[in-house]
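Okay, target.csv is below, CSV, C-alpha atoms:
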chain,number,residue,atom,x,y,z
I,1,MET,CA,78.9,95.5,105.6
I,2,LYS,CA,81.9,95.0,103.3
I,3,ALA,CA,83.6,97.7,101.2
I,4,ILE,CA,85.4,97.0,97.9
I,5,THR,CA,87.8,99.6,96.3
I,6,VAL,CA,86.7,100.3,92.7
I,7,LYS,CA,87.7,102.8,90.0
I,8,GLU,CA,84.2,103.7,88.6
I,9,ASP,CA,80.7,103.8,90.1
I,10,ASN,CA,79.2,101.0,88.1
I,11,ILE,CA,78.9,97.3,88.3
I,12,ASN,CA,81.5,96.6,85.5
I,13,SER,CA,84.1,98.8,87.1
I,14,PRO,CA,87.7,97.6,87.4
I,15,ILE,CA,89.1,96.8,90.9
I,16,GLN,CA,91.4,99.5,92.3
I,17,ASP,CA,94.6,97.9,93.6
I,18,CYS,CA,95.7,100.7,95.9
I,19,PHE,CA,93.4,101.2,99.0
I,20,GLY,CA,93.9,104.9,99.8
I,21,LYS,CA,93.9,106.2,96.2
I,22,THR,CA,90.6,104.6,95.3
I,23,LYS,CA,87.9,106.9,93.7
I,24,PHE,CA,84.9,104.9,94.9
I,25,PHE,CA,84.0,102.3,97.5
I,26,CYS,CA,81.4,99.7,96.7
I,27,PHE,CA,79.4,98.9,99.9
I,28,ILE,CA,77.9,95.4,100.0
I,29,ASP,CA,75.2,94.6,102.5
I,30,ASP,CA,75.9,91.3,104.4
I,31,ASP,CA,72.2,90.3,104.5
I,32,SER,CA,71.1,91.3,101.0
I,33,ASP,CA,72.6,91.7,97.5
I,34,LYS,CA,72.3,95.5,97.7
I,35,VAL,CA,75.2,97.3,96.2
I,36,GLU,CA,76.0,101.0,96.8
I,37,PHE,CA,78.7,103.2,95.4
I,38,ILE,CA,80.1,105.9,97.7
I,39,PRO,CA,82.9,108.3,96.7
I,40,ASN,CA,86.1,108.2,98.8
I,41,PRO,CA,86.5,111.4,100.9
I,42,GLY,CA,90.3,110.9,100.8
I,43,TYR,CA,90.6,110.7,97.0
I,44,ASP,CA,91.8,114.3,96.4
I,45,LEU,CA,94.2,114.4,99.3
I,46,LEU,CA,97.9,114.3,98.5
I,47,LYS,CA,98.9,112.8,101.8
I,48,LEU,CA,97.2,110.5,104.3
I,49,SER,CA,94.3,109.6,102.0
I,50,GLY,CA,94.3,106.1,103.4
I,51,LYS,CA,93.9,107.3,106.9
I,52,LYS,CA,90.9,109.5,105.9
I,53,ALA,CA,89.4,106.6,104.1
I,54,VAL,CA,89.7,104.2,107.0
I,55,GLU,CA,88.1,106.7,109.4
I,56,PHE,CA,85.3,107.2,107.0
I,57,LEU,CA,84.7,103.5,106.6
I,58,HIS,CA,84.8,103.0,110.4
I,59,SER,CA,82.1,105.7,110.9
I,60,LYS,CA,79.9,103.9,108.3
I,61,GLY,CA,80.2,100.6,110.3
I,62,ILE,CA,82.2,98.6,107.8
I,63,SER,CA,83.3,95.2,109.1
I,64,ALA,CA,85.6,94.1,106.2
I,65,VAL,CA,87.5,95.9,103.4
I,66,MET,CA,88.6,94.3,100.1
I,67,SER,CA,91.4,95.7,98.0
I,68,GLY,CA,94.5,94.6,96.2
I,69,ASN,CA,97.2,96.3,98.4
I,70,TYR,CA,97.4,98.1,101.7
I,71,GLY,CA,100.0,100.5,103.0
I,72,ILE,CA,101.5,100.2,106.5
I,73,THR,CA,99.6,103.1,108.1
I,74,VAL,CA,96.3,101.8,106.6
I,75,LYS,CA,96.9,98.3,107.9
I,76,LYS,CA,97.7,99.5,111.4
I,77,LEU,CA,94.5,101.7,111.5
I,78,LEU,CA,92.3,98.8,110.2
I,79,ASP,CA,93.7,96.6,112.9
I,80,LYS,CA,93.0,99.3,115.5
I,81,HIS,CA,89.4,99.6,114.4
I,82,ASN,CA,88.9,95.8,114.2
I,83,ILE,CA,88.2,95.9,110.4
I,84,GLN,CA,89.0,92.7,108.6
I,85,THR,CA,91.5,93.0,105.7
I,86,ILE,CA,90.9,90.9,102.6
I,87,ILE,CA,93.4,90.9,99.7
I,88,ILE,CA,91.8,90.4,96.3
I,89,PRO,CA,93.9,88.2,94.0
I,90,SER,CA,94.9,89.8,90.7
I,91,MET,CA,92.9,87.2,88.6
I,92,TYR,CA,89.7,89.2,89.3
I,93,GLU,CA,89.6,92.1,87.0
I,94,ASN,CA,86.3,93.8,87.6
I,95,LEU,CA,83.6,94.0,90.1
I,96,SER,CA,81.0,91.8,88.4
I,97,GLN,CA,83.4,88.9,88.5
I,98,LEU,CA,83.9,89.4,92.3
I,99,LEU,CA,80.1,89.7,93.0
I,100,LYS,CA,79.5,86.3,91.3
I,101,ILE,CA,81.7,84.6,93.9
I,102,ILE,CA,80.8,86.6,97.0
I,103,LYS,CA,78.2,85.0,99.2
I,104,PRO,CA,76.2,86.9,101.9
T,105,MET,CA,128.9,74.3,110.4
T,106,ALA,CA,127.5,77.4,108.7
T,107,ARG,CA,125.0,79.5,110.5
T,108,PRO,CA,121.4,78.6,109.6
T,109,VAL,CA,119.4,81.1,107.5
T,110,LYS,CA,117.4,83.5,109.7
T,111,GLN,CA,113.7,83.8,109.5
T,112,ARG,CA,112.7,87.3,108.3
T,113,LYS,CA,109.5,89.1,109.3
T,114,ILE,CA,107.3,90.1,106.3
T,115,LEU,CA,104.3,92.4,106.9
T,116,SER,CA,101.9,91.7,104.1
T,117,PRO,CA,101.4,88.3,102.3
T,118,PHE,CA,104.0,87.4,99.8
T,119,THR,CA,103.5,85.4,96.6
T,120,ASP,CA,106.3,83.5,94.8
T,121,ILE,CA,106.3,84.8,91.2
T,122,SER,CA,108.9,85.4,88.5
T,123,LEU,CA,109.2,88.7,86.7
T,124,PHE,CA,110.4,88.2,83.1
T,125,PRO,CA,111.5,91.0,80.8
T,126,SER,CA,109.4,91.2,77.7
T,127,GLY,CA,110.9,89.2,74.8
T,128,ASN,CA,113.3,87.3,77.1
T,129,ASN,CA,114.5,84.1,75.5
T,130,LYS,CA,117.1,83.3,78.1
T,131,SER,CA,116.7,80.1,80.1
T,132,ASP,CA,115.3,80.0,83.6
T,133,ALA,CA,118.7,79.1,85.0
T,134,ASP,CA,119.8,82.7,84.2
T,135,SER,CA,117.3,84.3,86.5
T,136,ILE,CA,118.2,86.2,89.7
T,137,LEU,CA,116.9,84.8,93.0
T,138,PHE,CA,115.2,87.7,94.8
T,139,LEU,CA,114.5,87.0,98.4
T,140,ALA,CA,111.4,88.0,100.3
T,141,GLU,CA,113.4,90.1,102.7
T,142,GLU,CA,114.9,92.1,99.8
T,143,TYR,CA,111.5,92.6,98.3
T,144,GLU,CA,110.2,93.9,101.7
T,145,ALA,CA,113.2,96.2,102.0
T,146,ILE,CA,112.6,97.8,98.6
T,147,LYS,CA,108.9,98.0,99.3
T,148,LEU,CA,109.3,99.7,102.7
T,149,ILE,CA,111.9,102.3,101.5
T,150,ASP,CA,111.0,103.1,97.9
T,151,TYR,CA,107.2,102.3,97.8
T,152,GLU,CA,106.1,103.3,101.3
T,153,GLY,CA,108.7,106.1,101.7
T,154,LEU,CA,109.9,105.1,105.2
T,155,ASN,CA,113.4,105.8,106.4
T,156,GLN,CA,115.8,102.9,107.1
T,157,SER,CA,115.6,102.9,110.9
T,158,LYS,CA,111.8,102.8,110.8
T,159,ALA,CA,111.8,100.0,108.2
T,160,ALA,CA,114.3,98.0,110.3
T,161,LYS,CA,112.1,98.3,113.4
T,162,LEU,CA,109.1,97.1,111.4
T,163,MET,CA,111.1,94.0,110.2
T,164,LYS,CA,112.5,93.5,113.7
T,165,ILE,CA,116.1,93.6,112.5
T,166,SER,CA,119.0,96.0,113.3
T,167,ARG,CA,119.5,99.1,111.2
T,168,PRO,CA,122.9,97.9,109.8
T,169,THR,CA,121.4,94.5,108.9
T,170,PHE,CA,118.6,96.3,107.1
T,171,THR,CA,121.1,98.5,105.2
T,172,ARG,CA,122.9,95.3,104.0
T,173,ILE,CA,119.7,93.7,102.8
T,174,TYR,CA,118.6,96.9,101.0
T,175,LYS,CA,122.0,97.3,99.3
T,176,ARG,CA,121.9,93.6,98.1
T,177,ALA,CA,118.3,94.2,96.8
T,178,ARG,CA,119.4,97.2,94.8
T,179,ILE,CA,122.3,95.4,93.3
T,180,LYS,CA,120.0,92.6,92.2
T,181,LEU,CA,117.4,95.0,90.8
T,182,ALA,CA,120.1,96.9,88.9
T,183,ALA,CA,121.6,93.7,87.5
T,184,SER,CA,118.1,92.6,86.4
T,185,LEU,CA,117.5,95.9,84.6
T,186,VAL,CA,120.9,96.2,82.9
T,187,GLU,CA,121.4,92.6,82.0
T,188,LYS,CA,117.7,92.0,81.2
T,189,ARG,CA,117.6,88.9,83.4
T,190,ALA,CA,114.4,87.6,85.1
T,191,LEU,CA,113.7,88.1,88.8
T,192,LYS,CA,112.6,85.0,90.7
T,193,LEU,CA,110.9,86.0,93.9
T,194,SER,CA,111.4,83.4,96.7
T,195,GLY,CA,109.2,83.3,99.8
T,196,GLU,CA,111.4,80.9,101.8
T,197,ASN,CA,112.5,81.5,105.5
T,198,ILE,CA,109.8,84.1,106.3
T,199,TYR,CA,107.2,84.6,109.0
T,200,TYR,CA,104.2,86.9,109.3
T,201,SER,CA,103.1,89.0,112.3
T,202,ASP,CA,99.5,88.8,111.3
T,203,ASN,CA,97.4,85.6,111.1
T,204,TRP,CA,97.0,85.5,107.3
T,205,HIS,CA,94.8,82.8,105.8
T,206,LYS,CA,94.4,81.8,102.1
T,207,CYS,CA,91.2,80.4,100.7
T,208,GLN,CA,91.8,77.6,98.3
T,209,ASN,CA,88.5,78.1,96.5
T,210,CYS,CA,88.6,81.8,95.6
T,211,GLU,CA,92.3,82.4,96.3
T,212,CYS,CA,91.7,85.6,98.3
T,213,ILE,CA,93.9,86.2,101.4
T,214,TYR,CA,92.4,87.5,104.6
T,215,ASN,CA,93.2,88.0,108.3
T,216,ILE,CA,91.0,86.9,111.2
T,217,ILE,CA,89.9,89.6,113.6
T,218,ASP,CA,86.9,87.8,115.2
T,219,LYS,CA,87.7,84.3,116.3
T,220,SER,CA,84.0,83.2,116.3
T,221,ASN,CA,83.7,83.3,112.5
T,222,SER,CA,87.2,82.0,111.7
T,223,ASP,CA,86.1,78.6,110.3
T,224,PHE,CA,85.2,79.8,106.8
T,225,CYS,CA,86.3,82.2,104.1
T,226,PRO,CA,84.6,85.7,104.6
T,227,PHE,CA,84.5,86.0,100.8
T,228,CYS,CA,83.0,82.8,99.3
T,229,LYS,CA,82.1,81.0,102.6
T,230,SER,CA,84.2,78.1,101.6
T,231,THR,CA,85.8,76.0,104.5
T,232,ASN,CA,88.7,75.0,102.3
T,233,PHE,CA,91.4,77.4,103.5
T,234,ILE,CA,95.0,77.2,104.8
T,235,ASN,CA,96.9,79.2,107.4
T,236,ILE,CA,99.8,80.8,105.6
T,237,ALA,CA,101.2,82.5,108.7
T,238,ASN,CA,101.7,79.2,110.6
T,239,PRO,CA,101.5,76.3,108.2
T,240,GLU,CA,101.3,72.9,110.0
Let me see the file written as structure tokens.
Amino acid sequence: MKAITVKEDNINSPIQDCFGKTKFFCFIDDDSDKVEFIPNPGYDLLKLSGKKAVEFLHSKGISAVMSGNYGITVKKLLDKHNIQTIIIPSMYENLSQLLKIIKP
Amino acid sequence: MARPVKQRKILSPFTDISLFPSGNNKSDADSILFLAEEYEAIKLIDYEGLNQSKAAKLMKISRPTFTRIYKRARIKLAASLVEKRALKLSGENIYYSDNWHKCQNCECIYNIIDKSNSDFCPFCKSTNFINIANPE
């Protein structure tokens, strides 16, 4: 399963560039086209929101995360949990553009 | 003979771009060359909020060297702001600690964790990708 950082919980939502400060994660199933929006438990935290988000994603069994930018702590934790890091280029503005290109 | 330019370690993928002030009519020759190591120093200190010794350890350089790079970066940033000159980011003489790959089809950048599925892009499943960490 993959997780994309998004600003709103709908299919036309803009992509969130900062991993830890994202409001929602969009979970994409590897075998089907099923899309699910889950709120980020670390959104309201002032500090270490990225750490909380990575631990949450690890517990959900996510294999790859997609975002615009990752902090140093987040990148270290992702490597520790063997989660693949994908950086979305800035030419993709919203989720529906991304979903057209992504292949299961 | 002058000492050759050292390779600097950069943590996350770096893209060569130019930052132009809005309404800038000056020629390209007037722009300031902003090195990847200077960008990384500004990012680690001012964006990530690390202290200089921690940042120097991450970049695998000594603390005084880091201070020199950071000082040079701030001078260039200030000159760009005050004189309204463009910043030209240059990604030469750098290396990455992680095995970053770039897909030529969808332009996304990814690292490879599992070697068994490393022969295609995880995003668009294209086989047209390049290794940006160790280009051959």
* To do: Take CA of Lys2 (chain I) and CA of Ser201 (chain T) and report the distance between them in Å, one decimal.
  =>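 Separation between CA of Lys2 (chain I) and CA of Ser201 (chain T): 23.8 Å.
Nearest residue to chain I, choosing from T:Met105, T:Cys207, T:Ile136, T:Ile234 and counting all atoms listed in the file: T:Cys207.
Comparing I:Ser90, I:Gln16, I:Gln84, I:Ser96 by their smallest distance to chain T, the closest is I:Gln84 (using only C-alpha atoms).
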Please identify every residue of chain I that has at least one atom no farther than 10 Å from an atom of chain T, counting all atoms listed in the file, and for each give the shortest atom pair and the distance in Å to one decimal, arranged by chain then increasing number, as a Markdown table.
| residue | atom | partner | partner_atom | distance |
| --- | --- | --- | --- | --- |
| I:Lys2 | CA | T:Phe227 | CA | 9.7 |
| I:Ser63 | CA | T:Ile217 | CA | 9.8 |
| I:Ala64 | CA | T:Pro226 | CA | 8.6 |
| I:Val65 | CA | T:Tyr214 | CA | 9.8 |
| I:Met66 | CA | T:Tyr214 | CA | 9.0 |
| I:Gly68 | CA | T:Cys212 | CA | 9.7 |
| I:Asn69 | CA | T:Ser116 | CA | 8.7 |
| I:Tyr70 | CA | T:Ser116 | CA | 8.2 |
| I:Gly71 | CA | T:Glu152 | CA | 6.9 |
| I:Ile72 | CA | T:Glu152 | CA | 7.6 |
| I:Thr73 | CA | T:Glu152 | CA | 9.4 |
| I:Lys75 | CA | T:Ser116 | CA | 9.1 |
| I:Asp79 | CA | T:Ile217 | CA | 8.0 |
| I:Asn82 | CA | T:Ile217 | CA | 6.3 |
| I:Ile83 | CA | T:Ile217 | CA | 7.3 |
| I:Gln84 | CA | T:Ile217 | CA | 6.0 |
| I:Thr85 | CA | T:Tyr214 | CA | 5.7 |
| I:Ile86 | CA | T:Tyr214 | CA | 4.2 |
| I:Ile87 | CA | T:Ile213 | CA | 5.0 |
| I:Ile88 | CA | T:Cys212 | CA | 5.2 |
| I:Pro89 | CA | T:Cys212 | CA | 5.5 |
| I:Ser90 | CA | T:Cys212 | CA | 9.3 |
| I:Met91 | CA | T:Glu211 | CA | 9.1 |
| I:Tyr92 | CA | T:Cys210 | CA | 9.8 |
| I:Leu98 | CA | T:Phe227 | CA | 9.2 |
| I:Leu99 | CA | T:Phe227 | CA | 9.7 |
| I:Lys100 | CA | T:Cys228 | CA | 9.4 |
| I:Ile101 | CA | T:Cys228 | CA | 5.8 |
| I:Ile102 | CA | T:Cys228 | CA | 5.0 |
| I:Lys103 | CA | T:Cys228 | CA | 5.3 |
| I:Pro104 | CA | T:Cys228 | CA | 8.4 |
* Of the candidates I:Ser32, I:Asn12, I:Ser49, I:Asn94, which one gets nearest to Ser67 (chain I) if we count all atoms listed in the file? ->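 Of I:Ser32, I:Asn12, I:Ser49, I:Asn94, the one nearest Ser67 (chain I), counting all atoms listed in the file, is I:Asn94.
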* Asked: Do you know which residues are at most 8 Å from Phe24 (chain I) counting all atoms listed in the file, after dropping those on the same chain fewer than 2 positions away, and could you put them as a list of chain:residue names?
  ->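 Here the qualifying residues turn out to be I:Thr5, I:Val6, I:Lys7, I:Glu8, I:Asp9, I:Thr22, I:Cys26, I:Phe37, I:Ile38, I:Pro39, I:Asn40.
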* To do: Counting only C-alpha atoms, figure out which residue out of I:Asn10, I:Val54, I:Lys34, I:Phe25 gets nearest to Lys76 (chain I).
  =>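 Checking each candidate against Lys76 (chain I), we get I:Val54 as the closest.
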* Structure fact -> Students should find that CA of Ser135 (chain T) and CA of Arg189 (chain T) are spaced 5.6 Å
* To do: Calculate how many Å separate CA of Ala159 (chain T) from CA of Glu142 (chain T), rounding to one decimal.
  => 11.9 Å
* To do: Quick one: everything within 12 Å of Leu185 (chain T), counting all atoms listed in the file, minus sequence neighbours fewer than 2 positions away in the same chain. Send it as a list in words.
  => Leu123, Phe124, Pro125, Ser126, Ser135, Ile136, Arg178, Ile179, Lys180, Leu181, Ala182, Ala183, Glu187, Lys188, Arg189, Ala190 and Leu191 of chain T
* Which residue gives the smallest distance to Ala160 (chain T) among T:Ala106, T:Ile236, T:Val186, T:Ile114, with all atoms listed in the file counted? -> T:Ile114
